[in-house]
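Enquirer: After the structure tokens below, expect a handful of questions from me.
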Amino acid sequence: MGEGKLLWLLTLTIFFHVRSLHGNSEGRLASPSNSCFVDDDEECDATIRGFNGSIVGFPGSLFRPLPSRGVFNVEDYGAKGDGTDDSQAFGEAWRAACNSSSSAVLLVPENNKYILKPVAFSGPCRAHVTVMIKGTLEASSNRSDWNVDNIRHWILFDGARNLVVGGGGTVDGNGDVWWQHSCKRNTSLALFFNSCKNLVVEDLVVKDSQQMHVAFRRCTNVKASKLTISAPESSPNTDGIHVSGTKSILIEDTIIETGDDCISIVSGSRRVIATRIVCGPGHGIRSGCHLTQALLLLDLVTSIGSLGANNTRAHVSKVLVDKVILKGTTNGVRIKTWQGGHGYAKRIIFQNVFMHDVQNPIIINQNYCDSRIPCREQTSAVAVSRVLYRNIKGTSASELAMEFNCSRSHPCRHIVLQEIELVGDGGGPATSFCRHFKWEEIGKIIPAPCA
């Protein structure tokens, strides 16, 4: 890990340790706001005061070491690690491990680099499986190995249960082969987890994906931790972690430096926690090869964004972003929805965020329009409500530090600003913009909202 990353991690530790010693000046939200972040049938205190890992509900057995009776080394199935294609050997090793009647380890030895074409590891398996990546997995650079018309993944884990993927190795998407041509030529996701349940992804370096680096789709009970994700700032659409239709996911202790969103959270996702994240640089804004699905994108770490595209319905709720450092990103914490969409983005908390030189620190945009021709104003919109911004501090690279551009027909409601201090680069004053925006403020708010 370089000196720059160590410095930012040290800053993160000191910043949040100080906050934990002194606490917020207000302690908790004023009583009118307590009920704003939960439905009547949910516990308020768990969301406002707690909203921690317990809300995710991971089964404890998944995170305890399991006795392994079988180790399935990919080299025993023909993998050579000599620059030739090892896809078939990996497939055979997976099938053997997956069919084991007792817990199994699929081992990728260290000090070797294994070339893989697009490969799918399908479940469910008969018992717990741990994929221990010690060496390096590298995507094939031969463009003829990719059927770009229908392949949406490089490494796919599909339908797995009780799966751990880790080991301290490297997953190299070899993306520069595709970036120099067009992001439309290969839209593959490097590590793609589809319909998995009770999943741990930890202690990996994931770099230079064709597009998104790590994606979770329709998964349940996920822990992603101790990941280092990187790609050049100029690389197109290389989101760090993408969460779609996933319930109960914890993302923690991760460093992300890519060409797009550090973490994007899209429709159908619920009970999402992202904590102790260092993010940046990155573009933050989706550009080039857009997905057409309904997104709610959490841009910085976090973009909750592009919800309601093409008049679709989108739902995102119970999201907590906590203890984050953003440096040099295009956006900070953003909620972005398309005009004409339906559904909601609600019960979202952004807290303990430190920003340095962030172009657009705080944004809600219910009027997103990705068109050269101005979009006409529409009457329907994805409703945005029950959003808390608490203890967000740092510097804005632009004069406008807070922008709340909400819908005329469905204004942003129950937005709480608590202990915000955003100044211009060099300590100069910053400004805010509000449109159809209803808020409460607690404590010191800089810049003044809607001034």
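Chain identifiers are assigned as A, B, and so on, following the order in which chains appear in the structure tokens; residues are numbered from 1 within each chain, and ligands are numbered from 1 in order of appearance.
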List as an MDAnalysis selection string the protein and nucleic acid residues near segment 116-130 of chain A, meaning an atom at most 8 Å away when only C-alpha atoms are counted, but skip any in the same chain fewer than 3 places from it.
Expert: chainID A and resid 85:87 91 94:95 97:106 137:140 145:146 151 153:166
Enquirer: Name all residues at most 7 Å from Gln339 of chain A (count only C-alpha atoms; drop same-chain ones fewer than 4 positions away) and give them as a PyMOL selection string.
Expert: chain A and resi 366-368+378+380-381
Enquirer: Create the file for the chosen residues now, containing C-alpha atoms and written as an mmCIF file, in the first residue's frame.
Expert:
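As written to disk, selection-v8.cif reads:
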```cif
data_model
loop_
_atom_site.group_PDB
_atom_site.id
_atom_site.type_symbol
_atom_site.label_atom_id
_atom_site.label_comp_id
_atom_site.auth_asym_id
_atom_site.auth_seq_id
_atom_site.Cartn_x
_atom_site.Cartn_y
_atom_site.Cartn_z
ATOM 1 C CA GLN A 366 -34.977 14.655 -9.191
ATOM 2 C CA ASN A 367 -34.871 16.247 -12.631
ATOM 3 C CA TYR A 368 -32.034 14.306 -14.234
ATOM 4 C CA GLN A 378 -43.012 15.850 -16.235
ATOM 5 C CA SER A 380 -44.402 11.994 -12.196
ATOM 6 C CA ALA A 381 -41.163 11.451 -10.284
#
```
Enquirer: As an exercise, work out the distance from atom CA of Pro429 of chain A to atom CA of Leu388 of chain A in Å and give it to one decimal place.
Expert: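 Rounded to one decimal, the two atoms are 23.0 Å apart.
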Enquirer: Taking 3 positions as the minimum chain separation for residues in the same chain, which residues sit within 6 Å of segment 235-240 of chain A when counting only C-alpha atoms? Answer as a short mmCIF file (atom, residue, chain, number, x, y, z; two decimals) with N, CA, C and O atoms, in the first residue's frame.
Expert:
```cif
data_model
loop_
_atom_site.label_atom_id
_atom_site.label_comp_id
_atom_site.auth_asym_id
_atom_site.auth_seq_id
_atom_site.Cartn_x
_atom_site.Cartn_y
_atom_site.Cartn_z
N GLN A 211 -15.58 -3.08 -17.25
CA GLN A 211 -16.43 -2.01 -16.74
C GLN A 211 -16.51 -2.14 -15.22
O GLN A 211 -15.50 -2.01 -14.56
N MET A 212 -17.68 -2.42 -14.65
CA MET A 212 -17.79 -2.49 -13.20
C MET A 212 -16.88 -3.57 -12.62
O MET A 212 -16.77 -4.65 -13.16
N HIS A 213 -16.28 -3.26 -11.47
CA HIS A 213 -15.31 -4.19 -10.89
C HIS A 213 -15.97 -5.31 -10.10
O HIS A 213 -15.68 -6.49 -10.32
N PRO A 232 -7.59 3.37 -13.82
CA PRO A 232 -7.24 4.76 -14.13
C PRO A 232 -8.46 5.68 -14.08
O PRO A 232 -9.58 5.27 -14.39
N GLY A 259 -12.57 5.07 -12.44
CA GLY A 259 -12.98 6.11 -13.38
C GLY A 259 -14.44 6.47 -13.30
O GLY A 259 -14.93 7.27 -14.10
N ASP A 260 -15.18 5.88 -12.35
CA ASP A 260 -16.61 6.18 -12.23
C ASP A 260 -17.00 6.14 -10.76
O ASP A 260 -16.19 6.43 -9.90
N ASP A 261 -18.24 5.75 -10.46
CA ASP A 261 -18.70 5.75 -9.08
C ASP A 261 -17.89 4.78 -8.23
O ASP A 261 -17.58 3.68 -8.67
N CYS A 262 -17.59 5.18 -7.02
CA CYS A 262 -16.96 4.23 -6.10
C CYS A 262 -17.95 3.14 -5.74
O CYS A 262 -17.63 1.96 -5.82
N ILE A 263 -19.14 3.54 -5.32
CA ILE A 263 -20.21 2.58 -5.04
C ILE A 263 -21.49 3.11 -5.67
O ILE A 263 -21.87 4.25 -5.43
#
```
Enquirer: Quick one: everything within 8 Å of segment 81-84 of chain A, counting only C-alpha atoms, minus sequence neighbours fewer than 4 positions away in the same chain. Send it as number ranges by chain.
Expert: A: 112-115
Enquirer: May I have all residues of segment 101-339 of chain A that DSSP, computed from the backbone, assigns to helix (DSSP H, G or I), given as a PyMOL selection string?
Expert: chain A and resi 143-145+176-179+309-311
Enquirer: Of the candidates A:Glu403, A:Arg376, A:Ile415, A:Ala79, which one gets nearest to Phe433 of chain A if we count only C-alpha atoms?
Expert: A:Glu403
Enquirer: Pro447 of chain A: which residues within 9 Å, counting only C-alpha atoms, same-chain residues fewer than 6 positions away excluded, as a list in words?
Expert: Ala401, Met402, Ile420, Glu421, Leu422, Val423, Pro429, Ala430, Thr431 and Ser432 of chain A
Enquirer: Take the residues that were just selected and, keeping all heavy atoms, output them as a PDB file, in the first residue's frame.
Expert:
```pdb
ATOM      1  N   ALA A 401     -21.803  24.071  -3.105  1.00  0.00           N
ATOM      2  CA  ALA A 401     -21.484  22.905  -2.269  1.00  0.00           C
ATOM      3  C   ALA A 401     -22.694  22.020  -2.016  1.00  0.00           C
ATOM      4  O   ALA A 401     -22.542  20.822  -1.794  1.00  0.00           O
ATOM      5  CB  ALA A 401     -20.901  23.363  -0.941  1.00  0.00           C
ATOM      6  N   MET A 402     -23.894  22.599  -2.004  1.00  0.00           N
ATOM      7  CA  MET A 402     -25.109  21.813  -1.773  1.00  0.00           C
ATOM      8  C   MET A 402     -26.148  22.183  -2.828  1.00  0.00           C
ATOM      9  O   MET A 402     -26.451  23.367  -3.013  1.00  0.00           O
ATOM     10  CB  MET A 402     -25.680  22.058  -0.378  1.00  0.00           C
ATOM     11  CG  MET A 402     -24.768  21.639   0.754  1.00  0.00           C
ATOM     12  SD  MET A 402     -25.611  21.578   2.375  1.00  0.00           S
ATOM     13  CE  MET A 402     -26.110  23.286   2.582  1.00  0.00           C
ATOM     14  N   ILE A 420     -23.282  20.424   9.269  1.00  0.00           N
ATOM     15  CA  ILE A 420     -22.654  20.443   7.937  1.00  0.00           C
ATOM     16  C   ILE A 420     -21.687  21.615   7.871  1.00  0.00           C
ATOM     17  O   ILE A 420     -22.040  22.743   8.241  1.00  0.00           O
ATOM     18  CB  ILE A 420     -23.716  20.585   6.814  1.00  0.00           C
ATOM     19  CG1 ILE A 420     -24.838  19.562   6.975  1.00  0.00           C
ATOM     20  CG2 ILE A 420     -23.045  20.486   5.452  1.00  0.00           C
ATOM     21  CD1 ILE A 420     -24.415  18.134   6.821  1.00  0.00           C
ATOM     22  N   GLU A 421     -20.483  21.379   7.404  1.00  0.00           N
ATOM     23  CA  GLU A 421     -19.505  22.456   7.248  1.00  0.00           C
ATOM     24  C   GLU A 421     -18.696  22.211   5.982  1.00  0.00           C
ATOM     25  O   GLU A 421     -17.733  21.453   5.973  1.00  0.00           O
ATOM     26  CB  GLU A 421     -18.581  22.537   8.459  1.00  0.00           C
ATOM     27  CG  GLU A 421     -17.692  23.767   8.453  1.00  0.00           C
ATOM     28  CD  GLU A 421     -16.913  23.934   9.746  1.00  0.00           C
ATOM     29  OE1 GLU A 421     -17.203  23.196  10.707  1.00  0.00           O
ATOM     30  OE2 GLU A 421     -16.010  24.799   9.780  1.00  0.00           O
ATOM     31  N   LEU A 422     -19.126  22.868   4.905  1.00  0.00           N
ATOM     32  CA  LEU A 422     -18.472  22.750   3.599  1.00  0.00           C
ATOM     33  C   LEU A 422     -18.048  24.136   3.143  1.00  0.00           C
ATOM     34  O   LEU A 422     -18.877  25.044   3.033  1.00  0.00           O
ATOM     35  CB  LEU A 422     -19.423  22.122   2.578  1.00  0.00           C
ATOM     36  CG  LEU A 422     -19.818  20.659   2.850  1.00  0.00           C
ATOM     37  CD1 LEU A 422     -20.964  20.241   1.938  1.00  0.00           C
ATOM     38  CD2 LEU A 422     -18.631  19.729   2.667  1.00  0.00           C
ATOM     39  N   VAL A 423     -16.777  24.280   2.883  1.00  0.00           N
ATOM     40  CA  VAL A 423     -16.241  25.566   2.448  1.00  0.00           C
ATOM     41  C   VAL A 423     -15.551  25.399   1.103  1.00  0.00           C
ATOM     42  O   VAL A 423     -15.282  24.275   0.654  1.00  0.00           O
ATOM     43  CB  VAL A 423     -15.252  26.145   3.490  1.00  0.00           C
ATOM     44  CG1 VAL A 423     -15.959  26.390   4.804  1.00  0.00           C
ATOM     45  CG2 VAL A 423     -14.070  25.208   3.675  1.00  0.00           C
ATOM     46  N   PRO A 429     -15.924  31.048   1.061  1.00  0.00           N
ATOM     47  CA  PRO A 429     -17.332  30.690   1.214  1.00  0.00           C
ATOM     48  C   PRO A 429     -17.846  29.854   0.046  1.00  0.00           C
ATOM     49  O   PRO A 429     -17.390  29.983  -1.085  1.00  0.00           O
ATOM     50  CB  PRO A 429     -18.040  32.047   1.266  1.00  0.00           C
ATOM     51  CG  PRO A 429     -17.126  32.974   0.522  1.00  0.00           C
ATOM     52  CD  PRO A 429     -15.736  32.491   0.803  1.00  0.00           C
ATOM     53  N   ALA A 430     -18.797  28.985   0.344  1.00  0.00           N
ATOM     54  CA  ALA A 430     -19.490  28.197  -0.666  1.00  0.00           C
ATOM     55  C   ALA A 430     -20.971  28.562  -0.632  1.00  0.00           C
ATOM     56  O   ALA A 430     -21.430  29.282   0.260  1.00  0.00           O
ATOM     57  CB  ALA A 430     -19.298  26.705  -0.404  1.00  0.00           C
ATOM     58  N   THR A 431     -21.740  28.093  -1.602  1.00  0.00           N
ATOM     59  CA  THR A 431     -23.150  28.439  -1.704  1.00  0.00           C
ATOM     60  C   THR A 431     -24.002  27.179  -1.773  1.00  0.00           C
ATOM     61  O   THR A 431     -23.502  26.063  -1.876  1.00  0.00           O
ATOM     62  CB  THR A 431     -23.419  29.300  -2.956  1.00  0.00           C
ATOM     63  OG1 THR A 431     -23.076  28.521  -4.119  1.00  0.00           O
ATOM     64  CG2 THR A 431     -22.595  30.572  -2.938  1.00  0.00           C
ATOM     65  N   SER A 432     -25.333  27.386  -1.735  1.00  0.00           N
ATOM     66  CA  SER A 432     -26.282  26.288  -1.878  1.00  0.00           C
ATOM     67  C   SER A 432     -27.396  26.703  -2.827  1.00  0.00           C
ATOM     68  O   SER A 432     -27.623  27.886  -3.070  1.00  0.00           O
ATOM     69  CB  SER A 432     -26.866  25.900  -0.512  1.00  0.00           C
ATOM     70  OG  SER A 432     -27.636  26.978   0.014  1.00  0.00           O
TER      71      SER A 432
END
```
Enquirer: Between atom CA of Ser144 of chain A and atom CA of Asp172 of chain A, measure the distance and give it in Å to one decimal.
Expert: 18.3 Å
Enquirer: Have a look at A:Ser234, A:Thr254, A:Thr220, A:Asn331 and name the one nearest to Asp357 of chain A; count only C-alpha atoms.
Expert: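 Looking only at the distances to Asp357 of chain A, the closest residue turns out to be A:Asn331.
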